[in-house]
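This is final-v4.csv (CSV, C-alpha atoms).
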```csv
chain,number,residue,atom,x,y,z
A,1187,MET,CA,-33.6,-33.7,-47.0
A,1188,THR,CA,-32.5,-32.8,-43.5
A,1189,HIS,CA,-34.8,-34.4,-41.0
A,1190,PHE,CA,-35.6,-33.4,-37.4
A,1191,THR,CA,-37.9,-35.5,-35.3
A,1192,GLN,CA,-39.9,-34.2,-32.4
A,1193,LYS,CA,-37.3,-35.7,-30.0
A,1194,ASP,CA,-34.5,-33.9,-31.9
A,1195,ILE,CA,-36.4,-30.6,-31.5
A,1196,ASP,CA,-37.1,-31.2,-27.8
A,1197,GLU,CA,-33.4,-31.9,-27.1
A,1198,MET,CA,-32.0,-29.0,-29.1
A,1199,HIS,CA,-30.0,-26.2,-27.6
A,1200,HIS,CA,-32.4,-23.3,-26.8
A,1201,VAL,CA,-30.9,-20.8,-29.3
A,1202,TYR,CA,-30.8,-23.4,-32.1
A,1203,LYS,CA,-34.4,-24.4,-31.4
A,1204,ILE,CA,-35.8,-20.8,-31.5
A,1205,ASN,CA,-33.9,-20.0,-34.7
A,1206,LEU,CA,-35.2,-23.2,-36.4
A,1207,ILE,CA,-38.8,-23.2,-35.3
A,1208,ASN,CA,-39.2,-19.4,-35.8
A,1209,SER,CA,-38.0,-19.7,-39.4
A,1210,CYS,CA,-39.9,-22.9,-40.3
A,1211,SER,CA,-43.4,-21.5,-40.8
A,1212,GLY,CA,-42.5,-19.3,-43.8
A,1213,TYR,CA,-42.3,-15.5,-44.2
A,1214,LYS,CA,-43.9,-13.3,-41.6
A,1215,SER,CA,-45.3,-9.8,-41.4
A,1216,ALA,CA,-43.2,-7.1,-39.8
A,1217,ASN,CA,-45.2,-4.7,-37.8
A,1218,LEU,CA,-44.6,-2.1,-35.0
A,1219,ILE,CA,-47.4,-2.1,-32.5
A,1220,GLY,CA,-47.8,1.3,-30.8
A,1221,THR,CA,-49.5,1.7,-27.4
A,1222,LYS,CA,-49.8,4.1,-24.5
A,1223,SER,CA,-50.1,3.2,-20.8
A,1224,SER,CA,-52.7,4.8,-18.5
A,1225,GLU,CA,-49.9,6.9,-17.1
A,1226,GLY,CA,-49.2,8.3,-20.6
A,1227,ILE,CA,-46.0,6.5,-21.4
A,1228,THR,CA,-45.8,5.3,-25.0
A,1229,ASN,CA,-44.5,2.0,-26.1
A,1230,VAL,CA,-43.6,0.6,-29.5
A,1231,ALA,CA,-42.6,-3.0,-30.2
A,1232,ILE,CA,-41.9,-5.2,-33.2
A,1233,PHE,CA,-44.2,-8.2,-33.9
A,1234,SER,CA,-44.1,-10.8,-36.6
A,1235,SER,CA,-47.4,-12.6,-35.9
A,1236,VAL,CA,-50.0,-10.1,-37.1
A,1237,THR,CA,-52.4,-12.1,-39.2
A,1238,HIS,CA,-55.5,-11.4,-41.2
A,1239,ILE,CA,-58.5,-13.2,-39.7
A,1240,GLY,CA,-61.4,-11.7,-41.6
A,1241,SER,CA,-62.5,-8.7,-43.8
A,1242,ALA,CA,-66.1,-8.2,-42.8
A,1243,PRO,CA,-65.7,-7.1,-40.1
A,1244,ALA,CA,-62.1,-6.2,-40.7
A,1245,ILE,CA,-60.3,-8.3,-38.0
A,1246,LEU,CA,-56.6,-8.8,-37.4
A,1247,GLY,CA,-55.0,-10.9,-34.7
A,1248,PHE,CA,-51.5,-11.3,-33.1
A,1249,PHE,CA,-49.9,-13.6,-30.6
A,1250,LEU,CA,-47.9,-12.5,-27.6
A,1251,ARG,CA,-46.3,-14.2,-24.6
A,1252,PRO,CA,-47.3,-12.5,-21.4
A,1253,ASN,CA,-44.0,-12.8,-19.6
A,1254,THR,CA,-41.7,-11.2,-22.2
A,1255,VAL,CA,-41.0,-7.7,-23.5
A,1256,THR,CA,-44.4,-7.8,-25.2
A,1257,ARG,CA,-46.0,-7.6,-21.7
A,1258,ASN,CA,-46.0,-3.8,-21.9
A,1259,THR,CA,-47.9,-3.9,-25.2
A,1260,TYR,CA,-50.5,-6.2,-23.7
A,1261,ASP,CA,-50.9,-4.2,-20.5
A,1262,ASN,CA,-51.3,-1.0,-22.4
A,1263,ILE,CA,-53.9,-2.5,-24.8
A,1264,ARG,CA,-55.9,-3.8,-21.9
A,1265,GLU,CA,-55.7,-0.4,-20.1
A,1266,THR,CA,-56.8,1.8,-23.0
A,1267,GLY,CA,-58.5,-0.6,-25.4
A,1268,TYR,CA,-56.6,0.7,-28.4
A,1269,TYR,CA,-53.4,0.1,-30.3
A,1270,SER,CA,-51.8,1.0,-33.7
A,1271,ILE,CA,-50.3,-1.4,-36.2
A,1272,ASN,CA,-47.5,0.2,-38.4
A,1273,HIS,CA,-45.6,-1.5,-41.2
A,1274,VAL,CA,-41.8,-1.8,-40.9
A,1275,HIS,CA,-40.1,-0.6,-44.1
A,1276,GLU,CA,-36.6,-0.5,-45.4
A,1277,ASN,CA,-35.6,2.9,-44.0
A,1278,ILE,CA,-36.4,1.9,-40.4
A,1279,LEU,CA,-35.3,-1.8,-40.2
A,1280,MET,CA,-32.6,-1.3,-37.6
A,1281,GLU,CA,-34.7,1.0,-35.4
A,1282,ALA,CA,-37.7,-1.3,-35.6
A,1283,HIS,CA,-35.5,-4.3,-34.7
A,1284,HIS,CA,-34.1,-2.5,-31.7
A,1285,THR,CA,-37.6,-2.4,-30.1
A,1286,SER,CA,-37.2,-6.1,-29.3
A,1287,ALA,CA,-34.8,-5.0,-26.5
A,1288,LYS,CA,-36.2,-5.4,-23.1
A,1289,TYR,CA,-36.9,-1.9,-21.8
A,1290,ASP,CA,-38.7,-1.2,-18.6
A,1291,LYS,CA,-42.3,0.0,-18.8
A,1292,THR,CA,-41.2,3.5,-17.6
A,1293,ILE,CA,-39.1,3.9,-20.8
A,1294,SER,CA,-40.5,4.6,-24.2
A,1295,GLU,CA,-38.8,3.0,-27.2
A,1296,PHE,CA,-39.6,6.2,-29.0
A,1297,ASP,CA,-37.0,7.8,-26.8
A,1298,LYS,CA,-34.4,5.1,-27.4
A,1299,THR,CA,-34.7,4.9,-31.2
A,1300,LEU,CA,-35.1,7.2,-34.2
A,1301,LEU,CA,-38.7,6.1,-34.5
A,1302,GLU,CA,-41.0,9.1,-34.2
A,1303,GLU,CA,-44.5,9.3,-32.7
A,1304,ASP,CA,-47.3,10.4,-34.9
A,1305,TYR,CA,-50.9,11.2,-33.8
A,1306,LYS,CA,-54.0,10.9,-35.9
A,1307,GLY,CA,-57.7,11.7,-35.3
A,1308,ASN,CA,-58.7,11.4,-31.7
A,1309,TYR,CA,-56.6,8.4,-30.9
A,1310,LEU,CA,-54.4,8.6,-27.8
A,1311,VAL,CA,-52.1,5.8,-29.0
A,1312,PRO,CA,-49.0,6.7,-31.0
A,1313,PHE,CA,-48.6,5.7,-34.7
A,1314,VAL,CA,-45.1,5.4,-36.2
A,1315,LYS,CA,-44.3,8.4,-38.4
A,1316,ASP,CA,-43.7,7.7,-42.0
A,1317,ALA,CA,-44.8,4.0,-41.8
A,1318,PRO,CA,-46.4,3.4,-45.2
A,1319,VAL,CA,-49.4,1.6,-43.6
A,1320,GLN,CA,-50.8,2.7,-40.3
A,1321,ILE,CA,-53.8,1.1,-38.7
A,1322,ALA,CA,-55.9,2.2,-35.7
A,1323,MET,CA,-57.0,-0.9,-33.9
A,1324,LYS,CA,-59.7,-1.4,-31.2
A,1325,TYR,CA,-59.3,-4.4,-28.9
A,1326,ILE,CA,-62.2,-6.9,-29.3
A,1327,GLU,CA,-61.3,-10.1,-27.5
A,1328,GLU,CA,-58.5,-12.5,-26.6
A,1329,TYR,CA,-58.0,-16.2,-26.3
A,1330,PRO,CA,-55.5,-17.7,-23.9
A,1331,ILE,CA,-53.7,-20.5,-25.8
A,1332,LYS,CA,-53.6,-23.5,-23.4
A,1333,VAL,CA,-50.8,-25.4,-24.9
A,1334,ASN,CA,-48.1,-22.8,-24.3
A,1335,ASN,CA,-49.6,-19.9,-22.3
A,1336,THR,CA,-49.5,-17.4,-25.2
A,1337,ILE,CA,-52.4,-15.1,-25.9
A,1338,LEU,CA,-54.2,-14.4,-29.2
A,1339,VAL,CA,-55.3,-10.7,-29.2
A,1340,ILE,CA,-58.0,-9.8,-31.7
A,1341,GLY,CA,-58.8,-6.3,-32.8
A,1342,GLU,CA,-61.0,-4.5,-35.4
A,1343,ILE,CA,-59.7,-2.0,-37.8
A,1344,GLN,CA,-61.1,1.5,-37.0
A,1345,ASP,CA,-59.1,3.6,-39.4
A,1346,LEU,CA,-56.6,2.7,-42.2
A,1347,TYR,CA,-54.0,5.1,-43.5
A,1348,LEU,CA,-52.0,4.3,-46.6
A,1349,ALA,CA,-49.1,6.0,-48.3
A,1350,ASP,CA,-50.4,7.6,-51.5
A,1351,ASN,CA,-49.0,5.4,-54.2
A,1352,LEU,CA,-49.7,1.9,-52.9
A,1353,LEU,CA,-53.4,1.5,-53.7
A,1354,GLU,CA,-54.4,-0.3,-56.9
A,1355,PRO,CA,-57.9,0.4,-58.5
A,1356,ASP,CA,-59.3,-2.8,-57.1
A,1357,GLY,CA,-58.3,-2.2,-53.4
A,1358,PHE,CA,-55.1,-4.2,-53.5
A,1359,ILE,CA,-52.2,-2.5,-51.5
A,1360,ASP,CA,-48.9,-3.1,-53.3
A,1361,LEU,CA,-46.6,-3.4,-50.2
A,1362,SER,CA,-43.5,-3.6,-52.4
A,1363,LYS,CA,-44.0,-0.1,-53.6
A,1364,ALA,CA,-43.3,1.1,-50.1
A,1365,ASN,CA,-40.4,-1.3,-49.5
A,1366,VAL,CA,-42.3,-3.0,-46.7
A,1367,ALA,CA,-40.3,-5.6,-44.9
A,1368,SER,CA,-41.0,-9.3,-44.2
A,1369,ILE,CA,-39.3,-11.4,-41.5
A,1370,ASN,CA,-37.6,-14.8,-41.9
A,1371,GLY,CA,-37.2,-16.3,-38.4
A,1372,LEU,CA,-36.2,-14.1,-35.5
A,1373,ASP,CA,-33.8,-11.7,-37.1
A,1374,GLY,CA,-33.8,-12.2,-40.9
A,1375,TYR,CA,-35.3,-9.2,-42.9
A,1376,THR,CA,-36.3,-9.1,-46.5
A,1377,ILE,CA,-37.7,-6.3,-48.7
A,1378,PRO,CA,-39.9,-8.3,-51.2
A,1379,LYS,CA,-40.7,-7.2,-54.7
A,1380,LEU,CA,-44.0,-8.1,-56.2
A,1381,LYS,CA,-43.7,-10.9,-58.8
A,1382,SER,CA,-47.2,-11.4,-60.0
A,1383,ARG,CA,-50.9,-11.3,-59.1
A,1384,LEU,CA,-52.7,-14.4,-60.1
A,1385,ALA,CA,-56.3,-14.7,-61.3
A,1386,TYR,CA,-59.2,-15.9,-59.2
A,1387,GLN,CA,-59.4,-19.7,-59.6
A,1388,ARG,CA,-62.3,-21.8,-60.5
A,1389,PRO,CA,-62.4,-25.6,-60.7
A,1390,LYS,CA,-61.2,-27.2,-64.0
A,1391,ILE,CA,-63.8,-29.3,-65.7
B,36,MET,CA,-52.0,9.5,-46.9
B,37,THR,CA,-55.2,7.8,-48.2
B,38,HIS,CA,-57.6,7.4,-45.3
B,39,PHE,CA,-60.4,4.8,-44.9
B,40,THR,CA,-62.7,5.0,-41.9
B,41,GLN,CA,-64.5,2.0,-40.4
B,42,LYS,CA,-67.6,3.3,-42.1
B,43,ASP,CA,-65.8,3.5,-45.5
B,44,ILE,CA,-64.7,-0.1,-45.0
B,45,ASP,CA,-68.2,-1.3,-44.0
B,46,GLU,CA,-69.7,0.2,-47.1
B,47,MET,CA,-67.1,-0.9,-49.7
B,48,HIS,CA,-67.9,-3.2,-52.5
B,49,HIS,CA,-67.1,-6.8,-51.4
B,50,VAL,CA,-64.3,-7.4,-53.8
B,51,TYR,CA,-62.6,-4.0,-53.1
B,52,LYS,CA,-62.9,-4.8,-49.4
B,53,ILE,CA,-61.4,-8.2,-49.4
B,54,ASN,CA,-58.5,-7.0,-51.6
B,55,LEU,CA,-57.8,-4.0,-49.2
B,56,ILE,CA,-58.2,-5.8,-45.9
B,57,ASN,CA,-56.3,-9.0,-47.0
B,58,SER,CA,-53.3,-6.8,-48.1
B,59,CYS,CA,-53.3,-4.4,-45.2
B,60,SER,CA,-51.7,-6.7,-42.5
B,61,GLY,CA,-48.3,-7.1,-44.3
B,62,TYR,CA,-46.6,-10.0,-46.0
B,63,LYS,CA,-48.0,-13.5,-45.3
B,64,SER,CA,-46.7,-17.0,-45.4
B,65,ALA,CA,-47.5,-19.2,-48.4
B,66,ASN,CA,-48.2,-22.8,-47.4
B,67,LEU,CA,-50.0,-25.8,-48.8
B,68,ILE,CA,-51.8,-27.9,-46.2
B,69,GLY,CA,-52.1,-31.6,-47.1
B,70,THR,CA,-54.7,-33.8,-45.5
B,71,LYS,CA,-56.5,-37.1,-46.2
B,72,SER,CA,-60.2,-37.9,-45.5
B,73,SER,CA,-61.2,-41.0,-43.6
B,74,GLU,CA,-62.3,-42.4,-47.0
B,75,GLY,CA,-58.7,-42.0,-48.2
B,76,ILE,CA,-59.2,-39.0,-50.5
B,77,THR,CA,-56.3,-36.5,-50.4
B,78,ASN,CA,-56.7,-32.8,-50.3
B,79,VAL,CA,-54.2,-30.0,-50.6
B,80,ALA,CA,-55.1,-26.3,-50.2
B,81,ILE,CA,-53.2,-23.0,-50.0
B,82,PHE,CA,-53.2,-21.0,-46.8
B,83,SER,CA,-51.7,-17.6,-45.9
B,84,SER,CA,-52.4,-17.6,-42.2
B,85,VAL,CA,-49.9,-20.2,-40.8
B,86,THR,CA,-48.2,-18.5,-37.9
B,87,HIS,CA,-45.5,-19.4,-35.4
B,88,ILE,CA,-47.0,-19.5,-31.9
B,89,GLY,CA,-44.2,-21.0,-29.8
B,90,SER,CA,-40.9,-23.0,-30.1
B,91,ALA,CA,-41.0,-25.2,-26.9
B,92,PRO,CA,-43.2,-27.0,-27.6
B,93,ALA,CA,-43.0,-26.3,-31.4
B,94,ILE,CA,-46.5,-24.9,-32.1
B,95,LEU,CA,-48.0,-23.4,-35.3
B,96,GLY,CA,-51.5,-22.1,-35.8
B,97,PHE,CA,-53.7,-21.2,-38.8
B,98,PHE,CA,-57.1,-19.7,-39.3
B,99,LEU,CA,-59.9,-21.1,-41.5
B,100,ARG,CA,-63.4,-20.3,-42.2
B,101,PRO,CA,-65.6,-23.4,-41.8
B,102,ASN,CA,-68.0,-22.6,-44.7
B,103,THR,CA,-65.5,-22.2,-47.5
B,104,VAL,CA,-63.2,-24.3,-49.6
B,105,THR,CA,-61.1,-24.9,-46.5
B,106,ARG,CA,-63.9,-26.9,-44.9
B,107,ASN,CA,-62.4,-30.1,-46.5
B,108,THR,CA,-59.0,-29.3,-44.8
B,109,TYR,CA,-60.7,-28.9,-41.4
B,110,ASP,CA,-62.9,-32.0,-41.7
B,111,ASN,CA,-59.9,-34.1,-42.7
B,112,ILE,CA,-57.8,-32.8,-39.8
B,113,ARG,CA,-60.6,-33.6,-37.3
B,114,GLU,CA,-61.1,-37.1,-38.8
B,115,THR,CA,-57.4,-38.1,-38.8
B,116,GLY,CA,-55.7,-35.8,-36.3
B,117,TYR,CA,-52.8,-35.0,-38.7
B,118,TYR,CA,-51.9,-32.7,-41.5
B,119,SER,CA,-48.8,-31.6,-43.4
B,120,ILE,CA,-47.6,-28.0,-44.0
B,121,ASN,CA,-45.5,-27.5,-47.2
B,122,HIS,CA,-43.9,-24.3,-48.4
B,123,VAL,CA,-44.9,-22.8,-51.7
B,124,HIS,CA,-41.9,-22.0,-53.9
B,125,GLU,CA,-41.3,-20.3,-57.2
B,126,ASN,CA,-41.7,-23.4,-59.4
B,127,ILE,CA,-45.2,-24.3,-58.1
B,128,LEU,CA,-46.8,-20.8,-57.7
B,129,MET,CA,-49.5,-21.3,-60.2
B,130,GLU,CA,-50.3,-24.9,-59.2
B,131,ALA,CA,-50.4,-23.9,-55.5
B,132,HIS,CA,-52.7,-20.9,-56.3
B,133,HIS,CA,-55.1,-23.1,-58.2
B,134,THR,CA,-55.8,-25.1,-55.0
B,135,SER,CA,-57.9,-22.1,-53.9
B,136,ALA,CA,-60.6,-23.2,-56.4
B,137,LYS,CA,-63.6,-24.8,-54.8
B,138,TYR,CA,-63.4,-28.5,-55.5
B,139,ASP,CA,-65.9,-31.0,-54.1
B,140,LYS,CA,-64.6,-33.2,-51.3
B,141,THR,CA,-64.6,-36.3,-53.6
B,142,ILE,CA,-62.0,-34.7,-55.8
B,143,SER,CA,-58.3,-34.4,-54.9
B,144,GLU,CA,-56.5,-31.2,-55.9
B,145,PHE,CA,-53.5,-33.5,-56.5
B,146,ASP,CA,-55.4,-34.9,-59.5
B,147,LYS,CA,-56.3,-31.4,-60.8
B,148,THR,CA,-52.8,-29.8,-60.5
B,149,LEU,CA,-49.2,-30.8,-61.3
B,150,LEU,CA,-48.6,-31.0,-57.5
B,151,GLU,CA,-47.4,-34.5,-56.5
B,152,GLU,CA,-48.2,-36.4,-53.3
B,153,ASP,CA,-45.2,-37.5,-51.3
B,154,TYR,CA,-45.3,-39.8,-48.3
B,155,LYS,CA,-42.9,-39.9,-45.3
B,156,GLY,CA,-42.5,-42.1,-42.3
B,157,ASN,CA,-45.7,-43.6,-41.1
B,158,TYR,CA,-47.9,-40.6,-41.9
B,159,LEU,CA,-51.1,-41.2,-43.8
B,160,VAL,CA,-51.4,-37.6,-44.9
B,161,PRO,CA,-49.7,-36.5,-48.1
B,162,PHE,CA,-46.8,-34.1,-48.3
B,163,VAL,CA,-46.1,-32.0,-51.4
B,164,LYS,CA,-43.2,-33.4,-53.3
B,165,ASP,CA,-40.2,-31.1,-53.8
B,166,ALA,CA,-41.5,-28.5,-51.3
B,167,PRO,CA,-38.3,-27.2,-49.7
B,168,VAL,CA,-39.9,-27.3,-46.2
B,169,GLN,CA,-42.3,-30.1,-45.3
B,170,ILE,CA,-43.7,-30.4,-41.8
B,171,ALA,CA,-45.7,-33.2,-40.2
B,172,MET,CA,-48.3,-31.7,-37.9
B,173,LYS,CA,-50.4,-33.2,-35.1
B,174,TYR,CA,-53.7,-31.5,-34.2
B,175,ILE,CA,-53.6,-30.2,-30.6
B,176,GLU,CA,-56.6,-27.9,-30.1
B,177,GLU,CA,-58.8,-25.3,-31.7
B,178,TYR,CA,-60.4,-22.0,-30.8
B,179,PRO,CA,-63.7,-20.8,-32.4
B,180,ILE,CA,-63.2,-17.0,-32.9
B,181,LYS,CA,-66.5,-15.4,-31.8
B,182,VAL,CA,-66.3,-12.2,-33.7
B,183,ASN,CA,-66.4,-13.7,-37.2
B,184,ASN,CA,-66.9,-17.5,-36.8
B,185,THR,CA,-63.5,-18.5,-38.0
B,186,ILE,CA,-61.5,-21.2,-36.3
B,187,LEU,CA,-57.9,-21.1,-35.0
B,188,VAL,CA,-56.4,-24.6,-35.5
B,189,ILE,CA,-53.3,-25.3,-33.4
B,190,GLY,CA,-50.9,-28.1,-34.0
B,191,GLU,CA,-47.5,-29.4,-32.9
B,192,ILE,CA,-44.6,-30.1,-35.2
B,193,GLN,CA,-43.9,-33.9,-35.2
B,194,ASP,CA,-41.2,-34.1,-38.0
B,195,LEU,CA,-39.5,-31.3,-39.9
B,196,TYR,CA,-37.9,-31.9,-43.3
B,197,LEU,CA,-35.7,-29.3,-45.0
B,198,ALA,CA,-34.1,-29.1,-48.4
B,199,ASP,CA,-30.4,-29.6,-47.8
B,200,ASN,CA,-28.9,-26.2,-48.4
B,201,LEU,CA,-31.2,-24.1,-46.3
B,202,LEU,CA,-29.9,-24.6,-42.8
B,203,GLU,CA,-27.4,-22.2,-41.2
B,204,PRO,CA,-25.1,-23.4,-38.4
B,205,ASP,CA,-27.3,-21.7,-35.7
B,206,GLY,CA,-30.6,-23.3,-36.8
B,207,PHE,CA,-31.8,-20.5,-39.0
B,208,ILE,CA,-33.6,-21.7,-42.2
B,209,ASP,CA,-32.7,-19.3,-45.1
B,210,LEU,CA,-36.1,-19.5,-47.0
B,211,SER,CA,-34.7,-17.3,-49.8
B,212,LYS,CA,-32.2,-20.0,-50.8
B,213,ALA,CA,-35.2,-22.2,-51.8
B,214,ASN,CA,-37.2,-19.4,-53.5
B,215,VAL,CA,-40.0,-19.7,-51.0
B,216,ALA,CA,-43.0,-17.5,-51.7
B,217,SER,CA,-44.7,-14.8,-49.6
B,218,ILE,CA,-48.2,-13.6,-50.3
B,219,ASN,CA,-49.4,-9.9,-50.5
B,220,GLY,CA,-53.2,-9.8,-50.2
B,221,LEU,CA,-55.3,-12.5,-51.8
B,222,ASP,CA,-53.4,-13.0,-55.0
B,223,GLY,CA,-50.0,-11.2,-55.0
B,224,TYR,CA,-46.9,-13.4,-54.9
B,225,THR,CA,-43.4,-12.5,-54.1
B,226,ILE,CA,-40.1,-14.4,-53.9
B,227,PRO,CA,-38.2,-12.5,-51.3
B,228,LYS,CA,-34.4,-12.4,-51.1
B,229,LEU,CA,-32.7,-12.2,-47.7
B,230,LYS,CA,-31.4,-8.7,-47.0
B,231,SER,CA,-29.8,-9.0,-43.6
B,232,ARG,CA,-29.9,-10.8,-40.3
B,233,LEU,CA,-29.7,-8.3,-37.4
B,234,ALA,CA,-28.1,-8.9,-34.0
B,235,TYR,CA,-29.9,-9.7,-30.8
B,236,GLN,CA,-30.9,-6.4,-29.2
B,237,ARG,CA,-30.2,-5.3,-25.6
B,238,PRO,CA,-31.3,-2.0,-24.1
B,239,LYS,CA,-29.2,1.1,-24.7
B,240,ILE,CA,-27.8,2.6,-21.5
```

Once you've parsed the file, please lay out its structure as C-alpha cells.
Amino acid sequence: MTHFTQKDIDEMHHVYKINLINSCSGYKSANLIGTKSSEGITNVAIFSSVTHIGSAPAILGFFLRPNTVTRNTYDNIRETGYYSINHVHENILMEAHHTSAKYDKTISEFDKTLLEEDYKGNYLVPFVKDAPVQIAMKYIEEYPIKVNNTILVIGEIQDLYLADNLLEPDGFIDLSKANVASINGLDGYTIPKLKSRLAYQRPKI
Amino acid sequence: MTHFTQKDIDEMHHVYKINLINSCSGYKSANLIGTKSSEGITNVAIFSSVTHIGSAPAILGFFLRPNTVTRNTYDNIRETGYYSINHVHENILMEAHHTSAKYDKTISEFDKTLLEEDYKGNYLVPFVKDAPVQIAMKYIEEYPIKVNNTILVIGEIQDLYLADNLLEPDGFIDLSKANVASINGLDGYTIPKLKSRLAYQRPKI
C-alpha cells in the first residue's frame, strides 16, 4: 500500500494535501444550502459535510470554516435562523459546483448560475427548484471546533419535501431514483445506483 | 412533491422515521472503525457519519450515540486514545453490515465475521485487512451535542494507507477504483463510479 505519515502530510504541497485529505474519508453528501441575508439577498452554496446526527428529534449538522466562501451562509443563518438543504442531482452538477466560487455577499449565486429559487410555505429562505429532496431547517445550536476553528452548525428539520417517486413503503428514500450526486474529495462527482438493502442485523449465536 | 411537516415526523412510527430521516441527508460514507479495549479485546463497527473537518491539520470527525452498540467503540477510544478508520468495499459489504449487530463488549466482531484484523506500525488497534483505505487516528477532542445527547468525536490522521492504484498525481484518491461503498439511509449500499472531476471555480465577471 502507499503510506503517508503525519510528517508527510504536514510537509505536502497545499493543493496535494487538500486533494488527499478531502478524499480520504469516503464518499460525501452533495447539498446546496440556501439562505437569505437580513437585507434580502439570497445565497446558495455547495456543501459536502451535511451529516445525520439523530432522527428523534430530526437533526442534521454541517461544518463550515468561518473565513471562506461559506461565511455568507453562516452569517445569513445567524441573521434569520433558517436555511434550506437541497440535494445536488445529475442535471445541475456543474451549476451546483460553480457555487463554490467566491462571490461577494452582495451577489446572489442564483443570479450567476442556472439554479432557480423556489419558495415554500412561509419560509423566507430560498429552496433550489427541482432539487429532488428539499429540507427546511431551523438553526438550533453551534459548536466551535477548537482544533481548527471550524464550526459545527446543528439544525432541526421543519419540513421535508421529496420528489414523488423516491419514497419506499417503509420510509426509505431511494436517492438513486432521483440521480442524486455524491462527492469524492473536493471535485469528484458520482451518481450512485442502489445496489442492495441489507437486513437488520442481530448477533449470531 | 411529498411533504412531511415536523408534526408528521414527530408522530411517525419509529421504524418509518429512522428510515426516512437517515436517508434524507444524502449519501454517506461507509467506514469500519477498529478499536481495542484496555483488556485487549478488539472491536470493529460500521459508521456512516465519518466527515472531513479540515486538512491542515488533517482532522476527521464522527458522531455516536453513547447508549447503543457504538458504546464499545467510544469506551475503547477513550481507554487507548487511538482508533482505525477503514473503508467498506464491495467484497465485504455483508460482513461490514453485520458489525451493526449488538454484541457484548467481551466479544470481538472479528470473531463473528469474516473480517480479518491487520496490524501496522506500532499501533495496538486493529485495522481491517484488505480495506483499500486504512487510517490510523489519534483522539483529539469531543463535543457532547446537547440537543440529542450524541457525541462528536474528533481525531487527527496519524498514518494513511492506500491501495496502490487509487492515487492520482494531484493527491486525489479515486475511491471508485477500489469499489468503495456509500450508504443510503440505514441499510442501502451503493458502489459509486466516478463520473467527472470538475475544475476549480472562480467568479464569473

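Between atom CA of B:Ile192 and atom CA of B:Pro167 there is a distance of 16.1 Å.
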
Check your understanding: Hey, what's within 9 Å of B:Leu233 if we count all atoms listed in the file and toss same-chain stuff fewer than 4 positions away? As a list in words, please?
Key -> Met1280, His1283, Leu1372, Asp1373, Gly1374 and Tyr1375 of chain A

Exercise for review: Could you please tell me, as a VMD selection string, which residues of chain B have an atom within 6 Å of chain A when using all atoms listed in the file?
Suggested key: chain B and resid 36 to 41 51 53 to 56 58 61 to 64 90 133 136 193 to 199 205 to 208 217 222 to 225 227 to 233 236 to 238

Check your understanding: Suppose you want the space between atom CA of A:Glu1281 and atom CA of A:Pro1252; what is it in Å?
Key ->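 Atom CA of A:Glu1281 sits 23.2 Å away from atom CA of A:Pro1252.
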
Exercise for review: Just give me the gap between atom CA of A:Thr1228 and atom CA of A:Ile1278 in Å, one decimal is fine.
Suggested key: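 Between these atoms lies a distance of 18.4 Å.
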